[in-house]
Amino acid sequence: MSAVPKRSLLLAGGGLKVAFQAGVLQVWLSEAGLTFDHVDACSGGAFNLALLCDGRTGIEIADLWRQMRPRDGVSFSGSGFLHGRSIVTMDAYRDTIFPGWGLDFDRIRASPITATFTVHNRSTASRETFSAAEMDLDKLVATLSQAVWFPPVEIDGHYYTDAVFDTDANVDAALEQGADEIWVVWTVSRRPEWMPGALAQFFHALEVSANGTLESDLERIRMNNEVPDRHFGRHVHAKVLRAEVATHYLALFNGDRLHRAVEQGVRAARAWCDAQGIPYTPIDRSHFYDTDVALRFSDRLRGRLRGRRAEADLQLLVPDAGAFMNTGHQRVEVRGTVTSSVLDGAATVEEGHADILLDVRSPSVPVESGGVQEADDGVDPTRKLMTYVLHLRTPTGRAVTFLGVKDVSTPTVRAAAREAMTMSCRVLEGWVGPDDEAVELATGLLWMGFRDVAAQLVGARADGPSLRAEAAGLARYGALFAGSLWDVAARKVLTYAPF
Amino acid sequence: MPRAEIESRQVVVVGSGFGGAVTACRLAQAGCDVLVLERGRWFDGDFPRDAGDDWLWEQGGRGPFDVRRVGGVTAVVAAGVGGGSLLYSNVHLRLPAEVFGSRWPAGWTREALNPYYDLVASMLDLKRADEQDAQRYWPLPPRAGLLREAATRLGAAQDVFHPPLALDFGDPRVCRENRFGARQSGCRHCGKCSVGCNVGAKNSLDKNYLPLAMHHGAAVRARCEVVGLARDPDGGYRVTYRCLLEGTEHVVVTPTLVLAAGTLGTTELLLSHGAALGATSSRIGDHYSANGDYLITSLGGIEKEWRPGVGPAITTSVLADDGETWFLVQDGGIPALDVLLPGIGVRSDDEDPALPPDGPTSGHLGVLLAMGRDSATGKVRRRRRFCGTRLTVRWPWRSNTRFYDAERSYLRDVAHVAGSVGEVDTARLTQKAVSVHSLGGAVMADSPDEGVVDAHGEVFGAPGLYVMDGAAIPTATGVNPSHTIAAVAERNAEHLARRLCGSAEWTAPGFSAVPPYADPLPVG
Ligand SMILES: Cc1cc2nc3c(=O)[nH]c(=O)nc-3n(C[C@H](O)[C@H](O)[C@H](O)COP(=O)(O)OP(=O)(O)OC[C@H]3O[C@@H](n4cnc5c(N)ncnc54)[C@H](O)[C@@H]3O)c2cc1C
Ligand code: SF4
């Protein structure tokens, strides 16, 4: 091994899921100041590599994604579809998104970064890489052009598509560059599910291929390390950061969802740095999405605590719709009353908040075997929690804590809707946090009737600078809500809601 | 009728339900010459099953069901040797102590009644469905788990319990003689308790108290309906009854007449003949209680099935207590009907008892019952109609609205939590009570201003005339009432036996050796 290990970064493909990668780049490059001797991109990873070569920093790349509106990239293939060339085209990316990013290919070609853009050359049936110095718009589009969806790109008489069915993270390119460390950011889904329908099956086939290739590449590295230097003449260390990202690869029209993927990347990469002991200085982007639109909802539930009738008449307050929808911190303020004889009557919420539709996170500690270290962000986007923590004052002056959880996880529409309307509750003595030890005064269940749901819809209010902004705020909240339920219950239609 | 032809008995008991069977048994054991007159027939493995069978009492007095639509109440009562024990759900629970504080005559407390409860418990071999040896052949049925789960989710896990049942939980494949000489076999979990058990797994009164009474010389005459009561000019009472088999009328005279024809039967006899018998109270028919009965049927339970056709009629109960009132919620079992259409009935009893039973149609139905302490302010009256007089009950639904609302809301919450897509709640529409637990009408009291009989069951103004059944219970019991009816009858029968046999020390044989039985109701 050389004195200073050579480090390669593999920006793997994953369609629009690579928004996650942008968040990781913010942390690794800008917050932790990590550097790489070589960067490769396959398929969607090329968005980020092009930006890097264009001279953008990690935080700049993340901010570009934070402003991205994915529907700007949609352009249908028209006659190309009829001829079976492709379903959509890259035209909107060529004409709108890339110019919007200010991509300058002269700058890219002059980039000091050792970069490889991995593509598949259909004409020679082989894998090829373009260096930064070779890049132009066509080659970038070729790297991104997923067969079936996008038309192949003709360059010098050869037809190119993206490389995903060959490789989605070009480990060989890194090895050729002499890498001792190979870092991979991987967003291709590994969820153990197999959904029906041509669309789902296409992407499953893609996942089988991409995951399979990565696995065998990692296995090669392990075997190399087992008998030192067997294949590559040196010990190679691989680090893979994986995540299940709650966006579809292609079918996505809602910016909020894409931005949440960026923030997921930021969170995952920071957790990863924490686990590795890599210091970083967080850059706060929490006000990036602020809209000045506040939202208010009524939230009425009835049911029982300790077997006795109980009613919650709550107001949910979203201080800023934009931040709420985009940062992944879906926290609302809660006011109102919870009434039950268990609480001596109508107890008032003195301080309360609820986290709405959060994914269940259980980040795995990085596991290392044979020089290959793997970590998973551990988000399960198919299970959503709504967690209420309310500090109540009862009419008799007692301080109690009300904890409520709605757990949406059953993958049928009826059951998921029911779960979204059902809250299991605990009442604890004193004002405590959700994980604190405290005397449990009661448990129970509250739920919304259809009338309560209607009241919530009708009673939704927005407060913002303009009617338009208010309406948009409400619509975005609706999309978040419906989209979250979709992710749980309508995965058969499309694994993640397109909105 | 010439005097010489008139039969004379030391004791005549009208009705063979809990009150009648207990009294007849104890008086016979005390050496009295007892005649029991029961309008219904013996059902020995002969309960109706097909649509064409005789289900109703009206059908020539052969059916076990007497559905009495009387004014504001539809009362379901049984007709047969064994009375309500033939159709009931085998549940035996004790009255919480506080209930005795209201309207019960002096001397009646939970403490005083406990030894008699123990006596009944030992006679009927009570056992909870969750006890280990009750689960030797079958586990608790699915609906028991569903009710427990629902209550737990509502935060009421601590209120769930399994009530004692008068059931034979032994080997379902073996038919054997019990200690009273009656043939019984183990429960098959077939869910048919409420239409009569044809395998003899219910410890109904025709399997214990009545055989014991007969063993001690009591005569039980089935299909003999009492139609007239009068004072005998020579003292005592004259009982006129119709033999339904022969279509003939007979008279029997007795110095000691025990009325135990059930709440409505006894009250009706007293309303018609009370004055002639010398009863002085103006309270006959008052303090009727439907015992807060409320029933809903939940539809659905898509993810989970209630499967009401599996397991004995009731296995599990929740004590709902909101501080103001309390009531019980229980899991109703109903036979797996192959839909009651002509020619199709309840599933056959012949199937292999080793196979767990199930119904083709009713798996997703949940029958949920509630009962509790209603106002007990109904009035049973006789009304003149163009076709004769008719019994009617004025039931103050209005003053019980809050109570029924509380019950309904709990039942619906349980159904909702168990995945119901809708509930059938007919009582809410009709505002009429449907009761299988009618009580009162000739209640015990300290004075004739308050009730009809004294603290020992003897009718004010009519010495030797007793009321020993549900009619004498002064308040709603809240819990299933049979246990209390039987225990009260035990205590009053002891008192009567002492009088009749002249020994102030007499007790039921083995009384002092009866072990205490723990009542599982979470309130005392
Ligand atoms: C479906 C069902 C389920 C039930 N489940 C339970 C339960 O689980 N637990 C519980 O505690 N209670 C239960 N009950 C109620 C219980 O059966 C009654 O409360 C109890 O039987 C009343 O006892 P009794 O002695 O007052 O009258 P009954 O048991 O009703 O006995 C009265 C007897 O008198 C006879 N009779 C009436 N009139 C005359 C007449 N004129 N001449 C001769 N004989 C006459 C009747 O045929 C009957 O056999 C249930 C009732 C029903 C219908
Ligand atoms: S469940 Fe069936 S066998 Fe058991 S007591 Fe009831 S009717 Fe008899």
# chains A, B, ... in the order shown; residues from 1 in each chain; ligands from 1
call {"tool": "residues_around", "arguments": {"residues": "Thr389 (chain B)", "least_positions_apart": "6", "cutoff": "12 Å", "atoms": "only C-alpha atoms", "output": "PDB file with N, CA, C and O atoms, in the first residue's frame"}}
result
ATOM      1  N   VAL B  70     -93.661  -8.139  25.193  1.00  0.00           N
ATOM      2  CA  VAL B  70     -94.560  -7.525  26.167  1.00  0.00           C
ATOM      3  C   VAL B  70     -94.240  -6.037  26.280  1.00  0.00           C
ATOM      4  O   VAL B  70     -93.325  -5.633  26.985  1.00  0.00           O
ATOM      5  N   GLU B 268     -96.896 -12.725  36.444  1.00  0.00           N
ATOM      6  CA  GLU B 268     -98.199 -12.852  35.791  1.00  0.00           C
ATOM      7  C   GLU B 268     -99.182 -13.614  36.678  1.00  0.00           C
ATOM      8  O   GLU B 268    -100.329 -13.216  36.843  1.00  0.00           O
ATOM      9  N   LEU B 271    -100.182 -11.253  39.439  1.00  0.00           N
ATOM     10  CA  LEU B 271    -101.064 -10.177  38.971  1.00  0.00           C
ATOM     11  C   LEU B 271    -102.490 -10.707  38.806  1.00  0.00           C
ATOM     12  O   LEU B 271    -103.470 -10.038  39.124  1.00  0.00           O
ATOM     13  N   SER B 272    -102.617 -11.958  38.320  1.00  0.00           N
ATOM     14  CA  SER B 272    -103.944 -12.523  38.084  1.00  0.00           C
ATOM     15  C   SER B 272    -104.596 -12.996  39.383  1.00  0.00           C
ATOM     16  O   SER B 272    -105.788 -12.842  39.577  1.00  0.00           O
ATOM     17  N   ARG B 381     -97.694  -5.159  33.913  1.00  0.00           N
ATOM     18  CA  ARG B 381     -99.130  -4.980  34.137  1.00  0.00           C
ATOM     19  C   ARG B 381     -99.912  -5.929  33.244  1.00  0.00           C
ATOM     20  O   ARG B 381     -99.397  -6.409  32.239  1.00  0.00           O
ATOM     21  N   ARG B 382    -101.164  -6.133  33.641  1.00  0.00           N
ATOM     22  CA  ARG B 382    -102.065  -6.877  32.761  1.00  0.00           C
ATOM     23  C   ARG B 382    -102.972  -5.868  32.094  1.00  0.00           C
ATOM     24  O   ARG B 382    -103.543  -5.007  32.732  1.00  0.00           O
ATOM     25  N   ARG B 383    -103.044  -5.993  30.777  1.00  0.00           N
ATOM     26  CA  ARG B 383    -103.860  -5.032  30.032  1.00  0.00           C
ATOM     27  C   ARG B 383    -105.002  -5.770  29.384  1.00  0.00           C
ATOM     28  O   ARG B 383    -104.831  -6.827  28.802  1.00  0.00           O
TER      29      ARG B 383
END
call {"tool": "residues_around", "arguments": {"residues": "region 234-246 of chain B", "least_positions_apart": "3", "cutoff": "10 Å", "atoms": "only C-alpha atoms", "output": "ChimeraX atom specification"}}
result
/B:6-8,10,12,14,37-41,60-62,221-231,249-257,277,462-465
call {"tool": "closest_atom_pairs", "arguments": {"of": "chain B", "to": "chain A", "cutoff": "6 Å", "atoms": "only C-alpha atoms", "output": "JSON lines"}}
result
{"residue": "B:Arg153", "atom": "CA", "partner": "A:Gly444", "partner_atom": "CA", "distance": 5.6}
{"residue": "B:Leu154", "atom": "CA", "partner": "A:Gly444", "partner_atom": "CA", "distance": 4.2}
{"residue": "B:Gly155", "atom": "CA", "partner": "A:Arg306", "partner_atom": "CA", "distance": 3.9}
{"residue": "B:Ala156", "atom": "CA", "partner": "A:Gly307", "partner_atom": "CA", "distance": 4.5}
{"residue": "B:Asp322", "atom": "CA", "partner": "A:Arg308", "partner_atom": "CA", "distance": 5.6}
call {"tool": "closest_residue", "arguments": {"among": "B:His437, B:Arg498, B:Arg179, B:Arg49", "to": "ligand 1", "atoms": "only C-alpha atoms and all ligand atoms"}}
result
B:His437
call {"tool": "residues_near_ligand", "arguments": {"ligand": "ligand 2", "cutoff": "6 Å", "atoms": "only C-alpha atoms and all ligand atoms", "output": "number ranges by chain"}}
result
B: 187-193, 196-197, 199, 201-202, 311-312
call {"tool": "write_last_selection", "arguments": {"atoms": "N, CA and C atoms", "output": "compact mmCIF listing (two decimals), in the first residue's frame"}}
result
# COMPACT_ATOMS: atom_id res chain seq x y z
N CYS B 187 -67.61 -30.80 26.85
CA CYS B 187 -68.00 -29.76 25.89
C CYS B 187 -67.28 -29.94 24.56
N ARG B 188 -68.03 -29.78 23.48
CA ARG B 188 -67.44 -29.89 22.14
C ARG B 188 -67.12 -28.54 21.51
N HIS B 189 -67.29 -27.50 22.29
CA HIS B 189 -67.01 -26.15 21.75
C HIS B 189 -67.81 -25.86 20.48
N CYS B 190 -69.04 -26.32 20.44
CA CYS B 190 -69.80 -26.19 19.20
C CYS B 190 -70.63 -24.93 19.13
N GLY B 191 -70.63 -24.14 20.19
CA GLY B 191 -71.32 -22.85 20.12
C GLY B 191 -72.83 -22.91 20.16
N LYS B 192 -73.39 -24.05 20.56
CA LYS B 192 -74.85 -24.17 20.50
C LYS B 192 -75.52 -24.01 21.85
N CYS B 193 -74.77 -23.54 22.84
CA CYS B 193 -75.33 -23.43 24.19
C CYS B 193 -76.69 -22.73 24.19
N GLY B 196 -79.56 -24.95 23.32
CA GLY B 196 -79.63 -26.21 24.06
C GLY B 196 -78.50 -27.14 23.69
N CYS B 197 -77.93 -27.76 24.71
CA CYS B 197 -76.79 -28.64 24.46
C CYS B 197 -77.27 -30.08 24.35
N VAL B 199 -75.39 -32.68 23.81
CA VAL B 199 -74.43 -33.70 24.25
C VAL B 199 -74.32 -33.71 25.77
N ALA B 201 -73.25 -31.33 27.85
CA ALA B 201 -72.04 -30.75 28.43
C ALA B 201 -72.36 -29.59 29.36
N LYS B 202 -73.56 -29.03 29.22
CA LYS B 202 -73.93 -27.97 30.14
C LYS B 202 -74.36 -28.59 31.46
N GLY B 311 -66.82 -22.54 20.33
CA GLY B 311 -66.65 -22.35 21.77
C GLY B 311 -67.97 -22.16 22.48
N PRO B 312 -67.98 -22.35 23.78
CA PRO B 312 -69.22 -22.14 24.55
C PRO B 312 -69.70 -20.70 24.43
call {"tool": "residues_near_ligand", "arguments": {"ligand": "ligand 1", "cutoff": "6 Å", "atoms": "only C-alpha atoms and all ligand atoms", "output": "PyMOL selection string"}}
result
chain B and resi 14-20+37-40+76-85+87-92+194+224-227+260-263+265+436-437+469-470+480-483
call {"tool": "write_last_selection", "arguments": {"atoms": "N, CA and C atoms", "output": "compact mmCIF listing (two decimals), in the first residue's frame"}}
result
# COMPACT_ATOMS: atom_id res chain seq x y z
N VAL B 14 -93.87 -24.26 41.41
CA VAL B 14 -94.26 -23.96 40.03
C VAL B 14 -93.02 -23.49 39.29
N GLY B 15 -92.58 -24.28 38.32
CA GLY B 15 -91.40 -23.90 37.55
C GLY B 15 -90.17 -24.62 38.03
N SER B 16 -89.31 -24.95 37.08
CA SER B 16 -88.13 -25.75 37.44
C SER B 16 -86.83 -25.07 37.00
N GLY B 17 -86.85 -23.72 36.97
CA GLY B 17 -85.61 -22.98 36.67
C GLY B 17 -84.75 -22.90 37.90
N PHE B 18 -83.90 -21.88 37.94
CA PHE B 18 -82.95 -21.80 39.07
C PHE B 18 -83.67 -21.74 40.41
N GLY B 19 -84.68 -20.87 40.49
CA GLY B 19 -85.40 -20.77 41.76
C GLY B 19 -86.10 -22.07 42.12
N GLY B 20 -86.83 -22.62 41.15
CA GLY B 20 -87.63 -23.82 41.40
C GLY B 20 -86.79 -25.04 41.69
N LEU B 37 -94.18 -28.57 39.21
CA LEU B 37 -94.98 -28.49 38.00
C LEU B 37 -94.23 -27.62 36.99
N GLU B 38 -93.95 -28.19 35.87
CA GLU B 38 -93.17 -27.45 34.85
C GLU B 38 -93.92 -27.53 33.53
N ARG B 39 -94.13 -26.36 32.95
CA ARG B 39 -94.93 -26.34 31.72
C ARG B 39 -94.18 -26.97 30.55
N GLY B 40 -92.82 -26.86 30.55
CA GLY B 40 -92.05 -27.36 29.40
C GLY B 40 -91.75 -28.84 29.54
N VAL B 76 -86.82 -12.93 26.35
CA VAL B 76 -86.63 -14.30 25.89
C VAL B 76 -86.48 -15.17 27.13
N VAL B 77 -87.39 -16.13 27.27
CA VAL B 77 -87.29 -17.03 28.42
C VAL B 77 -87.40 -18.46 27.94
N ALA B 78 -87.05 -19.36 28.84
CA ALA B 78 -87.02 -20.76 28.46
C ALA B 78 -88.24 -21.49 29.01
N ALA B 79 -88.62 -22.57 28.35
CA ALA B 79 -89.66 -23.46 28.85
C ALA B 79 -89.12 -24.88 28.73
N GLY B 80 -89.03 -25.55 29.85
CA GLY B 80 -88.49 -26.90 29.83
C GLY B 80 -88.06 -27.26 31.22
N VAL B 81 -87.84 -28.53 31.45
CA VAL B 81 -87.40 -28.95 32.78
C VAL B 81 -85.95 -28.52 32.94
N GLY B 82 -85.76 -27.54 33.84
CA GLY B 82 -84.43 -26.92 33.98
C GLY B 82 -84.51 -25.42 33.72
N GLY B 83 -85.64 -24.97 33.16
CA GLY B 83 -85.87 -23.55 32.94
C GLY B 83 -84.75 -22.90 32.16
N GLY B 84 -84.38 -21.70 32.57
CA GLY B 84 -83.39 -20.91 31.84
C GLY B 84 -82.04 -21.60 31.71
N SER B 85 -81.75 -22.56 32.57
CA SER B 85 -80.44 -23.20 32.50
C SER B 85 -80.28 -24.00 31.21
N LEU B 87 -81.05 -22.89 28.20
CA LEU B 87 -80.65 -22.02 27.08
C LEU B 87 -79.59 -21.01 27.46
N TYR B 88 -79.30 -20.91 28.74
CA TYR B 88 -78.43 -19.81 29.14
C TYR B 88 -76.98 -20.07 28.75
N SER B 89 -76.16 -19.07 29.01
CA SER B 89 -74.78 -19.14 28.54
C SER B 89 -73.83 -19.61 29.63
N ASN B 90 -74.36 -20.23 30.64
CA ASN B 90 -73.57 -20.92 31.66
C ASN B 90 -72.76 -20.02 32.58
N VAL B 91 -72.98 -18.70 32.48
CA VAL B 91 -72.12 -17.77 33.23
C VAL B 91 -72.64 -17.59 34.65
N HIS B 92 -71.75 -17.70 35.61
CA HIS B 92 -72.12 -17.51 37.01
C HIS B 92 -71.22 -16.48 37.66
N SER B 194 -76.83 -21.69 23.37
CA SER B 194 -78.06 -20.90 23.46
C SER B 194 -79.23 -21.56 22.73
N CYS B 224 -96.78 -29.56 32.46
CA CYS B 224 -97.93 -29.26 33.30
C CYS B 224 -97.92 -27.76 33.58
N GLU B 225 -98.82 -27.04 32.96
CA GLU B 225 -98.82 -25.59 33.06
C GLU B 225 -99.83 -25.13 34.10
N VAL B 226 -99.35 -24.39 35.05
CA VAL B 226 -100.24 -23.88 36.09
C VAL B 226 -101.10 -22.78 35.49
N VAL B 227 -102.41 -22.90 35.62
CA VAL B 227 -103.30 -21.91 35.01
C VAL B 227 -104.15 -21.18 36.05
N ALA B 260 -92.03 -20.18 41.16
CA ALA B 260 -90.70 -20.06 40.56
C ALA B 260 -90.85 -20.22 39.05
N ALA B 261 -91.86 -19.51 38.53
CA ALA B 261 -92.18 -19.65 37.10
C ALA B 261 -91.41 -18.63 36.27
N GLY B 262 -90.36 -18.08 36.85
CA GLY B 262 -89.58 -17.07 36.13
C GLY B 262 -90.18 -15.69 36.37
N THR B 263 -89.37 -14.67 36.14
CA THR B 263 -89.80 -13.30 36.42
C THR B 263 -91.18 -12.99 35.84
N GLY B 265 -93.38 -15.21 34.42
CA GLY B 265 -94.36 -16.24 34.77
C GLY B 265 -94.92 -16.01 36.17
N VAL B 436 -82.79 -11.10 28.10
CA VAL B 436 -82.80 -12.52 28.45
C VAL B 436 -82.61 -12.66 29.95
N HIS B 437 -82.56 -11.53 30.64
CA HIS B 437 -82.25 -11.54 32.06
C HIS B 437 -83.32 -10.82 32.87
N ASP B 469 -87.83 -17.07 42.67
CA ASP B 469 -87.08 -17.00 41.40
C ASP B 469 -86.64 -15.57 41.11
N GLY B 470 -86.36 -15.29 39.85
CA GLY B 470 -85.87 -13.98 39.46
C GLY B 470 -86.82 -12.85 39.82
N ASN B 480 -74.65 -11.38 35.13
CA ASN B 480 -75.60 -12.42 34.74
C ASN B 480 -76.28 -12.93 36.01
N PRO B 481 -77.61 -13.01 36.02
CA PRO B 481 -78.30 -13.14 37.31
C PRO B 481 -78.46 -14.54 37.88
N SER B 482 -78.30 -15.59 37.08
CA SER B 482 -78.67 -16.93 37.56
C SER B 482 -77.99 -17.30 38.87
N HIS B 483 -76.74 -16.95 38.97
CA HIS B 483 -75.98 -17.33 40.17
C HIS B 483 -76.64 -16.73 41.41
call {"tool": "residues_around", "arguments": {"residues": "region 117-124 of chain B", "least_positions_apart": "5", "cutoff": "10 Å", "atoms": "only C-alpha atoms", "output": "VMD selection string"}}
result
chain B and resid 22 90 92 to 95 110 to 112 164 to 168 179 to 180 202 to 205 207 to 209 483 to 491 508 510 to 519
call {"tool": "residues_around", "arguments": {"residues": "Gly101 (chain B)", "least_positions_apart": "6", "cutoff": "12 Å", "atoms": "only C-alpha atoms", "output": "PyMOL selection string"}}
result
chain B and resi 95+107-110+474-475
call {"tool": "write_last_selection", "arguments": {"atoms": "N, CA, C and O atoms", "output": "PDB file, in the first residue's frame"}}
result
ATOM      1  N   LEU B  95     -72.859 -10.896  42.749  1.00  0.00           N
ATOM      2  CA  LEU B  95     -73.179  -9.479  42.831  1.00  0.00           C
ATOM      3  C   LEU B  95     -72.087  -8.735  43.589  1.00  0.00           C
ATOM      4  O   LEU B  95     -71.710  -9.166  44.669  1.00  0.00           O
ATOM      5  N   GLY B 107     -80.436  -7.616  56.077  1.00  0.00           N
ATOM      6  CA  GLY B 107     -79.894  -8.967  56.219  1.00  0.00           C
ATOM      7  C   GLY B 107     -79.282  -9.509  54.944  1.00  0.00           C
ATOM      8  O   GLY B 107     -78.631 -10.542  54.964  1.00  0.00           O
ATOM      9  N   TRP B 108     -79.506  -8.822  53.833  1.00  0.00           N
ATOM     10  CA  TRP B 108     -78.931  -9.296  52.571  1.00  0.00           C
ATOM     11  C   TRP B 108     -77.655  -8.526  52.268  1.00  0.00           C
ATOM     12  O   TRP B 108     -77.674  -7.344  51.975  1.00  0.00           O
ATOM     13  N   THR B 109     -76.559  -9.245  52.398  1.00  0.00           N
ATOM     14  CA  THR B 109     -75.266  -8.647  52.048  1.00  0.00           C
ATOM     15  C   THR B 109     -74.490  -9.684  51.251  1.00  0.00           C
ATOM     16  O   THR B 109     -74.845 -10.870  51.245  1.00  0.00           O
ATOM     17  N   ARG B 110     -73.450  -9.221  50.619  1.00  0.00           N
ATOM     18  CA  ARG B 110     -72.616 -10.143  49.860  1.00  0.00           C
ATOM     19  C   ARG B 110     -72.022 -11.189  50.805  1.00  0.00           C
ATOM     20  O   ARG B 110     -71.948 -12.372  50.485  1.00  0.00           O
ATOM     21  N   PRO B 474     -84.581  -7.786  44.003  1.00  0.00           N
ATOM     22  CA  PRO B 474     -85.073  -6.404  44.125  1.00  0.00           C
ATOM     23  C   PRO B 474     -84.450  -5.394  43.171  1.00  0.00           C
ATOM     24  O   PRO B 474     -85.011  -4.332  42.964  1.00  0.00           O
ATOM     25  N   THR B 475     -83.290  -5.704  42.623  1.00  0.00           N
ATOM     26  CA  THR B 475     -82.637  -4.723  41.749  1.00  0.00           C
ATOM     27  C   THR B 475     -82.066  -5.458  40.545  1.00  0.00           C
ATOM     28  O   THR B 475     -82.019  -6.680  40.522  1.00  0.00           O
TER      29      THR B 475
END
call {"tool": "select_by_dssp", "arguments": {"residues": "region 334-451 of chain A", "states": "helix (DSSP H, G or I)", "output": "short mmCIF file (atom, residue, chain, number, x, y, z; two decimals) with all heavy atoms, in the first residue's frame"}}
result
data_model
loop_
_atom_site.label_atom_id
_atom_site.label_comp_id
_atom_site.auth_asym_id
_atom_site.auth_seq_id
_atom_site.Cartn_x
_atom_site.Cartn_y
_atom_site.Cartn_z
N SER A 341 -62.48 11.00 31.74
CA SER A 341 -62.55 10.94 33.20
C SER A 341 -61.20 10.51 33.78
O SER A 341 -60.87 10.83 34.91
CB SER A 341 -63.67 10.01 33.66
OG SER A 341 -63.45 8.71 33.15
N VAL A 342 -60.41 9.83 32.96
CA VAL A 342 -59.07 9.44 33.40
C VAL A 342 -58.22 10.69 33.64
O VAL A 342 -57.30 10.69 34.45
CB VAL A 342 -58.42 8.55 32.32
CG1 VAL A 342 -56.96 8.29 32.62
CG2 VAL A 342 -59.17 7.24 32.19
N LEU A 343 -58.55 11.78 32.92
CA LEU A 343 -57.80 13.03 33.05
C LEU A 343 -58.59 14.05 33.87
O LEU A 343 -58.36 15.25 33.75
CB LEU A 343 -57.48 13.60 31.67
CG LEU A 343 -56.70 12.67 30.74
CD1 LEU A 343 -56.70 13.20 29.32
CD2 LEU A 343 -55.27 12.50 31.24
N VAL A 413 -54.74 -0.41 1.11
CA VAL A 413 -55.23 0.95 1.23
C VAL A 413 -56.18 1.08 2.41
O VAL A 413 -56.09 2.01 3.22
CB VAL A 413 -55.94 1.39 -0.08
CG1 VAL A 413 -56.54 2.78 0.09
CG2 VAL A 413 -54.93 1.39 -1.22
N ARG A 414 -57.07 0.11 2.55
CA ARG A 414 -58.07 0.19 3.60
C ARG A 414 -57.40 0.18 4.99
O ARG A 414 -57.68 1.00 5.84
CB ARG A 414 -59.02 -1.00 3.48
CG ARG A 414 -60.38 -0.70 4.03
CD ARG A 414 -61.28 -1.93 3.91
NE ARG A 414 -62.07 -2.02 5.13
CZ ARG A 414 -61.74 -2.76 6.17
NH1 ARG A 414 -60.64 -3.48 6.16
NH2 ARG A 414 -62.50 -2.78 7.23
N ALA A 415 -56.50 -0.78 5.14
CA ALA A 415 -55.85 -0.91 6.45
C ALA A 415 -54.97 0.29 6.74
O ALA A 415 -54.96 0.81 7.86
CB ALA A 415 -55.04 -2.20 6.50
N ALA A 416 -54.25 0.76 5.73
CA ALA A 416 -53.34 1.89 5.96
C ALA A 416 -54.15 3.14 6.31
O ALA A 416 -53.77 3.89 7.21
CB ALA A 416 -52.48 2.13 4.72
N ALA A 417 -55.27 3.33 5.62
CA ALA A 417 -56.10 4.50 5.92
C ALA A 417 -56.59 4.39 7.36
O ALA A 417 -56.60 5.37 8.11
CB ALA A 417 -57.27 4.57 4.95
N ARG A 418 -56.99 3.21 7.74
CA ARG A 418 -57.48 3.00 9.09
C ARG A 418 -56.38 3.27 10.12
O ARG A 418 -56.60 3.90 11.14
CB ARG A 418 -57.95 1.55 9.20
CG ARG A 418 -59.01 1.33 10.23
CD ARG A 418 -59.43 -0.13 10.15
NE ARG A 418 -60.03 -0.48 11.42
CZ ARG A 418 -61.28 -0.90 11.56
NH1 ARG A 418 -62.06 -1.02 10.53
NH2 ARG A 418 -61.74 -1.19 12.74
N GLU A 419 -55.19 2.82 9.79
CA GLU A 419 -54.08 3.05 10.71
C GLU A 419 -53.76 4.53 10.84
O GLU A 419 -53.40 5.01 11.91
CB GLU A 419 -52.85 2.27 10.25
CG GLU A 419 -52.98 0.78 10.52
CD GLU A 419 -51.99 -0.08 9.74
OE1 GLU A 419 -51.26 0.45 8.88
OE2 GLU A 419 -51.96 -1.30 9.97
N ALA A 420 -53.91 5.24 9.71
CA ALA A 420 -53.63 6.68 9.75
C ALA A 420 -54.66 7.41 10.59
O ALA A 420 -54.46 8.54 11.00
CB ALA A 420 -53.60 7.24 8.33
N PHE A 450 -65.12 9.09 9.99
CA PHE A 450 -65.06 9.74 8.69
C PHE A 450 -65.45 11.21 8.80
O PHE A 450 -64.97 12.05 8.06
CB PHE A 450 -65.92 8.99 7.68
CG PHE A 450 -65.27 7.69 7.30
CD1 PHE A 450 -65.72 6.49 7.83
CD2 PHE A 450 -64.17 7.67 6.47
CE1 PHE A 450 -65.10 5.29 7.52
CE2 PHE A 450 -63.53 6.48 6.15
CZ PHE A 450 -64.00 5.29 6.68
N ARG A 451 -66.30 11.52 9.77
CA ARG A 451 -66.68 12.90 9.97
C ARG A 451 -65.48 13.73 10.43
O ARG A 451 -65.29 14.87 10.03
CB ARG A 451 -67.80 12.97 11.02
CG ARG A 451 -68.90 13.91 10.60
CD ARG A 451 -70.01 13.90 11.62
NE ARG A 451 -70.73 12.63 11.63
CZ ARG A 451 -71.49 12.23 12.67
NH1 ARG A 451 -71.60 12.97 13.75
NH2 ARG A 451 -72.14 11.09 12.62
#
call {"tool": "select_by_dssp", "arguments": {"residues": "region 192-257 of chain A", "states": "strand (DSSP E)", "output": "PyMOL selection string"}}
result
chain A and resi 237-242
